[in-house]
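Contents: one structure, followed by commentary.
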There are 4 protein chains.
Amino acid sequence: MPKLGMEPIRRRELINAAIEAIHECGSLDVTVSQIAKRAGVSSALAHHYFGGKDQLIIATMRHLLTELGIGVRDGLRRAEGPRDRVSAIVRANFAPEQFQPATISAWLTFYVKAQSSPQAQRLLRIYAHRLHSNLAEALHRLVPSAQAQRVAEGTAALIDGLWIRYALKEGPAEAASAIALVENYLDNQLGTRADA
Amino acid sequence: MPKLGMEPIRRRELINAAIEAIHECGSLDVTVSQIAKRAGVSSALAHHYFGGKDQLIIATMRHLLTELGIGVRDGLRRAEGPRDRVSAIVRANFAPEQFQPATISAWLTFYVKAQSSPQAQRLLRIYAHRLHSNLAEALHRLVPSAQAQRVAEGTAALIDGLWIRYALKEGPAEAASAIALVENYLDNQLGTRADA
Amino acid sequence: MPKLGMEPIRRRELINAAIEAIHECGSLDVTVSQIAKRAGVSSALAHHYFGGKDQLIIATMRHLLTELGIGVRDGLRRAEGPRDRVSAIVRANFAPEQFQPATISAWLTFYVKAQSSPQAQRLLRIYAHRLHSNLAEALHRLVPSAQAQRVAEGTAALIDGLWIRYALKEGPAEAASAIALVENYLDNQLGTRADA
Amino acid sequence: MPKLGMEPIRRRELINAAIEAIHECGSLDVTVSQIAKRAGVSSALAHHYFGGKDQLIIATMRHLLTELGIGVRDGLRRAEGPRDRVSAIVRANFAPEQFQPATISAWLTFYVKAQSSPQAQRLLRIYAHRLHSNLAEALHRLVPSAQAQRVAEGTAALIDGLWIRYALKEGPAEAASAIALVENYLDNQLGTRADA
DNA sequence: AATGAATGAGTTTTCATTCAT
DNA sequence: GATGAATGAAAACTCATTCAT
């Protein structure tokens, strides 16, 4: 029962299936067939729509990156004042949609992928750069330039570090404590809470 | 002309070759043949000594973990006072032997491996736990228990985050600035340098 | 907006596209999709009109065979006397419409196809037989029967040999020199030019 | 029961199997598995020794080319006088080892292969060039230069044409009549037999 | 008349692994 | 102690073909 306009639907289904399959398998060694089966289609269709495994993986990465970007943008839109903007960025990075086992697994595998795929590397660098510049932009309004840079770097490293560490843990990732840790770092660095 | 007592030598050569090969390939998708060729032996020999690819990988991980453990222990031995012990741990994690491209790549791939291999996961948890307890032990002597826990977690996350971020960068990893960032965090959290 | 009476047009377009595609790819490994795209239609339509790839290929062969047959017939119609009839046949085989890269490629692949497809083999035998009988018929009026047979065979082999050899050459096929070679053979065999 | 020094043996077996398989299938669409099975080994071994299907095919071509080259050389060595040298070349091209169904099929498919593979094309051009120069060299001692060139071309075309036509026929290829046809051409062209 | 959607079957290729020597 | 020989199993990818619209 073929219908028209299935392409975007199938692409989306395959990307979602890829994220789940990567998580279940724990690496990019998932086969296209596994992903396709999970999406309820043949592996040939996955190739048809994406051109190959690699491009499906890259598309998945891009999807996750976009989702995160949207989350950050939305958070920033609602934020009031520079300090809150920083918090919004942090919150977006640990938002429930992002900070869940399957997504964490996927991100981790992408870091490895980036070591051999220039395209994946570019995407990951865009993420890293965007995170840094978003943070730095807000921090510049709060503290001197040099400090802003340093705090931006520290915050970014802390976020990535917490992500990676959660990839190792079992059970649901607790966003609250991760956020608290970063906020604590920020308060201290920015002198917001002198008594922390 | 086979010689006696080659086993430990071969094992070591193969492990080193594995680290290099993993780095060059950027993932655990290296073939046993590639590793063996780099070590100057046949792939059959790699199997002979390790039993299989998986066990060679695990052995490589264990090797890296041991090296890091030795570095930390040596650092701690030379450290004077709790604050310096914390610094020693940080320094050991960014020591030149550890903080170089090939090793960084390898660690990253191990994080992924841990998602599907219970054995690898156990090893990585040992690392995480050891890092945390080493830090916590020293911090307990400096600040109240709850804060010590939190700072230990933050420091560990920061270290891991910096590692992972360096995996993305090109050019030689600069340990100095990474260390400075962590030390700054510690100073701030511990009130060592009120003016930082 | 489908139109009526498209069938013969589409069939022709697809056959032409097949010839070009076969030439470009250099073998029958062209995909139906490639051929269809070149004809500006979907691959499904190619199946609709021909029933399958094989039948499209056979139809293409038949088309080429027919074209050649028409060329020969036209040449024979205009020829005056048996010797000129032989020349007309030779000329038709090296006529510009036939003796061009794409067509040469196609014929060559058909020879291979004939080794596995009885249908293709039949077509090619028809060609071979027709060429031989056309030549023999005219030659019989010029020389004794046995010699006529032999010269017909030689001429046919020479024509085919020159075709196949031109398939290997680069640059435009020069019909003139090919024709000259065959004519020289004929003159010698028939004693037309005693001094050649 | 693995033995040492199997490589050359296996290579030879695989090449022979390739020739047979190509003949049976009638084209280069044989699968590596079919070839390997015929050689009594796994398809993986074929890849191991040749690197891939393409290289196996090229190696097979080269083998056939070499065989033919040896045949011609041996024939030339035994020949007495230029006219006999020409005959030796012709005879070698229709020698029983060469002029048999499987070999004829293989050559034909190689002609097609040459249209898409530069490497195959190069090999085939070497063959064509060698045939021409061998013929021309001998003919130059018999007739004027221009005529020698033309006769060399005609002879080569005749040989190729007879080959290709035999590929279409069923039943055993009759070398004798093919040779007779070429010799008749030569006698006529060279004026050897004034009464032909 | 024409096509987008979808797939089954098949092909090349890769690789960890085994084994006789 | 060490390796060349060999393979089974699996993966990515391709393509002719079908079908509902």
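So you can find residues: chains in the structure tokens are A, B, ... in the order shown, residues in each start at 1, and ligands are numbered from 1 in order.
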Quiz item: Could you pull the residues within 10 Å of D:Ala136, counting only C-alpha atoms (C1' of nucleotides), minus those fewer than 6 positions along the same chain, as a PyMOL selection string?
Solution: chain D and resi 86+130+142+145+147-153+155
Hey, can you spit out that residue selection with C-alpha atoms as a compact mmCIF listing (two decimals), in the first residue's frame?
# COMPACT_ATOMS: atom_id res chain seq x y z
CA VAL D 86 53.32 -15.43 -41.21
CA ARG D 130 51.77 -7.50 -30.93
CA LEU D 142 57.95 -10.16 -48.70
CA SER D 145 55.99 -1.45 -47.04
CA GLN D 147 51.24 -3.39 -48.87
CA ALA D 148 52.80 -5.11 -45.89
CA GLN D 149 50.93 -2.76 -43.58
CA ARG D 150 47.65 -3.35 -45.33
CA VAL D 151 48.01 -7.10 -45.43
CA ALA D 152 48.96 -7.14 -41.77
CA GLU D 153 45.81 -5.24 -40.95
CA THR D 155 45.11 -10.59 -41.65
Self-check item: chain F contacts on chain C, only C-alpha atoms (C1' of nucleotides), 9 Å, as an MDAnalysis selection string
Solution: chainID C and resid 31:33 44 47 52:53
Exercise. Compute the set of chain E residues within 10 Å of chain A, using only C-alpha atoms (C1' of nucleotides), and express it as a ChimeraX atom specification.
Key: /E:4-8
Quick one: residues within 7 Å of A:Thr109, only C-alpha atoms (C1' of nucleotides), excluding same-chain residues fewer than 2 positions away - as a PDB file with C-alpha atoms, in the first residue's frame?
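Okay, this is what ended up in around.pdb:
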ATOM      1  CA  SER A  27      28.186   1.257  19.059  1.00  0.00           C
ATOM      2  CA  LEU A  28      28.056   2.116  15.406  1.00  0.00           C
ATOM      3  CA  SER A 105      24.952   6.458  23.724  1.00  0.00           C
ATOM      4  CA  ALA A 106      24.535   7.946  20.302  1.00  0.00           C
ATOM      5  CA  TRP A 107      26.527  11.050  21.114  1.00  0.00           C
ATOM      6  CA  TYR A 111      32.669  11.226  19.138  1.00  0.00           C
ATOM      7  CA  VAL A 112      34.433   8.085  18.013  1.00  0.00           C
ATOM      8  CA  LYS A 113      33.038   8.348  14.536  1.00  0.00           C
TER       9      LYS A 113
ATOM     10  CA  VAL B 112      32.085   3.044  23.539  1.00  0.00           C
TER      11      VAL B 112
END
Self-check item: Filtered DSSP result for stretch 2-195 of chain B, state helix (DSSP H, G or I), as a PyMOL selection string
Solution: chain B and resi 7-25+32-39+43-50+53-78+82-93+101-113+118-140+145-168+175-190
Atoms to include: C-alpha atoms. Write the selected residues as a short mmCIF file (atom, residue, chain, number, x, y, z; two decimals), in the first residue's frame.
data_model
loop_
_atom_site.label_atom_id
_atom_site.label_comp_id
_atom_site.auth_asym_id
_atom_site.auth_seq_id
_atom_site.Cartn_x
_atom_site.Cartn_y
_atom_site.Cartn_z
CA GLU B 7 55.63 -14.15 25.34
CA PRO B 8 55.77 -11.03 27.51
CA ILE B 9 57.66 -9.18 24.80
CA ARG B 10 55.16 -10.11 22.12
CA ARG B 11 52.23 -9.24 24.35
CA ARG B 12 53.65 -5.86 25.01
CA GLU B 13 54.41 -5.24 21.35
CA LEU B 14 50.91 -6.23 20.38
CA ILE B 15 49.33 -3.99 22.97
CA ASN B 16 51.39 -1.04 21.83
CA ALA B 17 50.53 -1.82 18.25
CA ALA B 18 46.87 -1.98 19.21
CA ILE B 19 46.98 1.50 20.74
CA GLU B 20 48.63 2.94 17.67
CA ALA B 21 46.32 1.11 15.30
CA ILE B 22 43.23 2.20 17.19
CA HIS B 23 44.42 5.76 16.98
CA GLU B 24 45.21 5.59 13.31
CA CYS B 25 41.90 4.00 12.47
CA VAL B 32 43.62 -8.02 14.11
CA SER B 33 45.78 -8.27 11.02
CA GLN B 34 46.52 -4.56 11.06
CA ILE B 35 47.54 -4.71 14.67
CA ALA B 36 49.62 -7.82 14.12
CA LYS B 37 51.36 -6.40 11.09
CA ARG B 38 52.23 -3.28 13.03
CA ALA B 39 53.71 -5.48 15.73
CA SER B 43 47.60 -12.31 13.12
CA ALA B 44 47.54 -15.92 14.16
CA LEU B 45 50.08 -15.12 16.82
CA ALA B 46 47.90 -12.41 18.25
CA HIS B 47 45.19 -14.97 18.67
CA HIS B 48 47.62 -17.40 20.13
CA TYR B 49 48.66 -15.00 22.84
CA PHE B 50 45.40 -13.30 23.62
CA LYS B 53 40.46 -9.83 19.32
CA ASP B 54 38.21 -8.97 22.20
CA GLN B 55 40.67 -10.11 24.77
CA LEU B 56 43.45 -8.21 23.07
CA ILE B 57 41.36 -5.08 23.26
CA ILE B 58 40.54 -5.66 26.90
CA ALA B 59 44.20 -6.30 27.64
CA THR B 60 45.06 -3.05 25.93
CA MET B 61 42.53 -1.23 28.04
CA ARG B 62 43.82 -2.81 31.17
CA HIS B 63 47.32 -1.78 30.18
CA LEU B 64 46.32 1.83 29.78
CA LEU B 65 44.44 1.75 33.03
CA THR B 66 47.45 0.32 34.82
CA GLU B 67 49.76 2.93 33.35
CA LEU B 68 47.46 5.67 34.51
CA GLY B 69 47.17 4.05 37.93
CA ILE B 70 50.94 3.94 38.25
CA GLY B 71 51.19 7.57 37.25
CA VAL B 72 48.68 8.58 39.89
CA ARG B 73 50.31 6.48 42.57
CA ASP B 74 53.73 7.92 41.82
CA GLY B 75 52.29 11.43 41.86
CA LEU B 76 50.59 10.84 45.18
CA ARG B 77 53.75 9.43 46.68
CA ARG B 78 55.60 12.62 45.94
CA PRO B 82 46.05 17.06 50.76
CA ARG B 83 45.80 20.01 48.38
CA ASP B 84 48.92 18.90 46.61
CA ARG B 85 47.57 15.36 46.44
CA VAL B 86 44.58 16.63 44.52
CA SER B 87 46.87 18.47 42.15
CA ALA B 88 49.01 15.39 41.77
CA ILE B 89 45.99 13.39 40.65
CA VAL B 90 45.05 16.06 38.14
CA ARG B 91 48.60 16.27 36.86
CA ALA B 92 48.84 12.52 36.46
CA ASN B 93 45.71 12.50 34.32
CA PRO B 101 46.60 11.63 20.63
CA ALA B 102 46.91 7.88 20.44
CA THR B 103 46.01 7.37 24.06
CA ILE B 104 43.15 9.81 23.94
CA SER B 105 41.71 8.04 20.93
CA ALA B 106 42.03 4.71 22.63
CA TRP B 107 40.27 5.84 25.78
CA LEU B 108 37.45 7.26 23.76
CA THR B 109 36.90 4.02 21.92
CA PHE B 110 36.95 2.18 25.21
CA TYR B 111 34.09 4.26 26.47
CA VAL B 112 32.08 3.04 23.54
CA LYS B 113 33.28 -0.50 23.96
CA PRO B 118 30.58 -5.94 30.49
CA GLN B 119 34.25 -6.56 30.95
CA ALA B 120 35.22 -3.23 29.44
CA GLN B 121 32.52 -1.57 31.46
CA ARG B 122 33.89 -3.04 34.64
CA LEU B 123 37.34 -1.74 33.85
CA LEU B 124 36.08 1.71 33.08
CA ARG B 125 34.05 1.78 36.26
CA ILE B 126 37.11 0.82 38.20
CA TYR B 127 38.88 3.78 36.64
CA ALA B 128 35.98 6.12 37.42
CA HIS B 129 35.67 4.86 40.92
CA ARG B 130 39.39 5.06 41.60
CA LEU B 131 39.59 8.59 40.30
CA HIS B 132 36.65 9.61 42.42
CA SER B 133 37.88 7.95 45.60
CA ASN B 134 41.39 9.28 45.19
CA LEU B 135 40.06 12.77 44.82
CA ALA B 136 37.47 12.40 47.56
CA GLU B 137 39.96 11.03 50.01
CA ALA B 138 42.20 14.04 49.67
CA LEU B 139 39.34 16.53 49.52
CA HIS B 140 37.81 15.18 52.70
CA SER B 145 32.13 15.82 53.45
CA ALA B 146 29.26 16.92 51.21
CA GLN B 147 31.38 19.52 49.50
CA ALA B 148 34.24 17.07 49.10
CA GLN B 149 31.91 14.69 47.32
CA ARG B 150 30.64 17.38 45.02
CA VAL B 151 34.05 18.77 44.21
CA ALA B 152 35.34 15.27 43.56
CA GLU B 153 32.54 14.70 41.11
CA GLY B 154 33.05 18.05 39.46
CA THR B 155 36.76 17.51 39.13
CA ALA B 156 36.32 14.08 37.65
CA ALA B 157 33.75 15.34 35.18
CA LEU B 158 36.00 18.22 34.24
CA ILE B 159 38.93 15.89 33.62
CA ASP B 160 36.85 13.56 31.47
CA GLY B 161 35.27 16.49 29.67
CA LEU B 162 38.62 18.00 28.85
CA TRP B 163 39.87 14.65 27.59
CA ILE B 164 36.97 14.15 25.31
CA ARG B 165 37.16 17.68 23.99
CA TYR B 166 40.83 17.26 23.22
CA ALA B 167 39.97 14.20 21.18
CA LEU B 168 38.19 16.53 18.79
CA ALA B 175 48.13 19.70 28.99
CA ALA B 176 49.05 22.97 30.65
CA SER B 177 45.87 24.80 29.89
CA ALA B 178 43.76 21.79 30.80
CA ILE B 179 45.50 21.54 34.15
CA ALA B 180 45.11 25.26 34.71
CA LEU B 181 41.39 25.03 34.15
CA VAL B 182 40.95 22.24 36.66
CA GLU B 183 43.20 23.93 39.18
CA ASN B 184 41.21 27.11 38.83
CA TYR B 185 38.05 25.13 39.52
CA LEU B 186 39.62 23.58 42.57
CA ASP B 187 40.97 26.86 43.92
CA ASN B 188 37.60 28.41 43.60
CA GLN B 189 35.74 25.53 45.16
CA LEU B 190 38.17 25.13 47.99
#
Practice problem: Record the distance separating atom CA of D:Gly171 and atom CA of D:Ala114, expressed in Å with one decimal. | Solution: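 According to the coordinates, atom CA of D:Gly171 and atom CA of D:Ala114 are separated by 27.2 Å.
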Quiz item: Hey, can you check how far atom CA of D:Gly26 sits from atom CA of C:Gln115?
Solution: 4.9 Å
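The coordinates place atom CA of D:Ser116 at 17.1 Å from atom CA of C:Gln100.
Residue nearest chain B, chosen from A:Gly40, A:Gly191, A:Gly51, A:Pro172 and counting only C-alpha atoms: A:Gly191.
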